[in-house]
Amino acid sequence: MATFYQEIYKVVSQGLQELVESQQAGKTPKNPVSETLYLNAWVTKVIKQQRYDHVVAKTLIAWQKQARSMGKNAQLKSQFEQIKACYEGIPHEGETANTLSDAQLTAFYEQLEEQDWLVTTEHEVNRKVTHHTDGQASLVVCSAQHAAAFDEAGEMVKPLSLFVRGDVRVLIDLAYTQGLLLYKVTDYKSIVKYHGEYKLFPRNAGTHLPELPTQK
């Protein structure tokens, strides 16, 4: 069965490629409005054709709704380009390419601490807790969940929750430099008071779009 990240990469890559081919054939003018209208129609067409695996169906329908409500102001081309660049920036093909390791996570924690984040990983988080940080950016990870998320070889085998209070853009971008994609659960309320919850998945294989890093 196709994984979400493999299939959504195929969707955006083929959508952008078919746009280029339409422009080269003289069917679609090279301007933002024409490009947007082309991709709006393209999304509806591939839904009707059932061209892609059902794992991306919700995302395609969301894009179709966006296209219908926003028309020429829909930002599908930039979204496609962002998603394509995101997945091209990390290994995403082959059996072992997307393996995530405990070492990557440790390096990520160290980067956050260098940015003056308070990283707390030594406690269990199994009930609603308050974590006082005096305004300092904060990342909390349950020690028991962390232990269960990695096998003896240090490879991620189960999802892991990160509880976050701080500049999420910094968090997402630093995670990405370590080859980690974050998936938002909630940006504010979670089991850790005033912290949002984001998840890491084995092989970066979440079931919806990850938080996209800032394009450099």
# chains A, B, ... in the order shown; residues from 1 in each chain; ligands from 1
call {"tool": "select_by_dssp", "arguments": {"residues": "chain A", "states": "strand (DSSP E)", "output": "JSON, numbers by chain"}}
result
{"A": [118, 119, 120, 138, 139, 140, 160, 161, 162, 163, 164, 165, 183, 184, 185, 186, 196, 197, 198, 199, 200]}
call {"tool": "residues_around", "arguments": {"residues": "segment 201-213 of chain A", "least_positions_apart": "2", "cutoff": "6 Å", "atoms": "only C-alpha atoms", "output": "number ranges by chain"}}
result
A: 4, 98-100, 156-157, 159, 172-173, 181-183
call {"tool": "residues_around", "arguments": {"residues": "segment 108-125 of chain A", "least_positions_apart": "2", "cutoff": "10 Å", "atoms": "only C-alpha atoms", "output": "number ranges by chain"}}
result
A: 102-106, 127-129, 131, 133, 136-146, 162-167, 170-171, 174-180, 191-192
call {"tool": "residues_around", "arguments": {"residues": "segment 51-56 of chain A", "least_positions_apart": "2", "cutoff": "9 Å", "atoms": "only C-alpha atoms", "output": "MDAnalysis selection string"}}
result
chainID A and resid 1:5 7:8 10:11 45:49 58:61 207:208
call {"tool": "write_last_selection", "arguments": {"atoms": "C-alpha atoms", "output": "tab-separated table (two decimals), in the first residue's frame"}}
result
chain	number	residue	atom	x	y	z
A	1	MET	CA	0.00	0.00	0.00
A	2	ALA	CA	1.22	3.50	-0.81
A	3	THR	CA	2.32	5.67	2.08
A	4	PHE	CA	1.00	9.21	2.31
A	5	TYR	CA	4.36	10.90	1.83
A	7	GLU	CA	1.83	9.44	-2.84
A	8	ILE	CA	1.58	13.17	-2.06
A	10	LYS	CA	3.88	11.95	-6.66
A	11	VAL	CA	0.77	14.18	-6.78
A	45	LYS	CA	-9.78	16.07	-12.82
A	46	VAL	CA	-7.51	13.69	-10.88
A	47	ILE	CA	-10.18	13.27	-8.18
A	48	LYS	CA	-12.71	12.23	-10.82
A	49	GLN	CA	-10.18	9.91	-12.44
A	58	LYS	CA	-8.68	14.06	2.00
A	59	THR	CA	-5.85	16.36	0.94
A	60	LEU	CA	-7.05	16.46	-2.67
A	61	ILE	CA	-10.61	17.25	-1.57
A	207	THR	CA	-1.01	10.25	7.37
A	208	HIS	CA	-1.43	13.92	6.45
call {"tool": "residues_around", "arguments": {"residues": "Val185 of chain A", "least_positions_apart": "4", "cutoff": "8 Å", "atoms": "only C-alpha atoms", "output": "list in words"}}
result
Gly196, Glu197, Tyr198 and Lys199 of chain A
call {"tool": "write_last_selection", "arguments": {"atoms": "C-alpha atoms", "output": "mmCIF file, in the first residue's frame"}}
result
data_model
loop_
_atom_site.group_PDB
_atom_site.id
_atom_site.type_symbol
_atom_site.label_atom_id
_atom_site.label_comp_id
_atom_site.auth_asym_id
_atom_site.auth_seq_id
_atom_site.Cartn_x
_atom_site.Cartn_y
_atom_site.Cartn_z
ATOM 1 C CA GLY A 196 0.944 22.356 21.711
ATOM 2 C CA GLU A 197 1.469 18.789 20.543
ATOM 3 C CA TYR A 198 3.388 17.700 17.449
ATOM 4 C CA LYS A 199 4.276 14.158 16.433
#
call {"tool": "residues_around", "arguments": {"residues": "segment 14-17 of chain A", "least_positions_apart": "5", "cutoff": "12 Å", "atoms": "only C-alpha atoms", "output": "PyMOL selection string"}}
result
chain A and resi 7-9+22-24+35-36+38-46+51-52+60+76-85
call {"tool": "select_by_dssp", "arguments": {"residues": "segment 73-214 of chain A", "states": "helix (DSSP H, G or I)", "output": "MDAnalysis selection string"}}
result
chainID A and resid 73 76:88 102:114 143:149 168:177 202:204
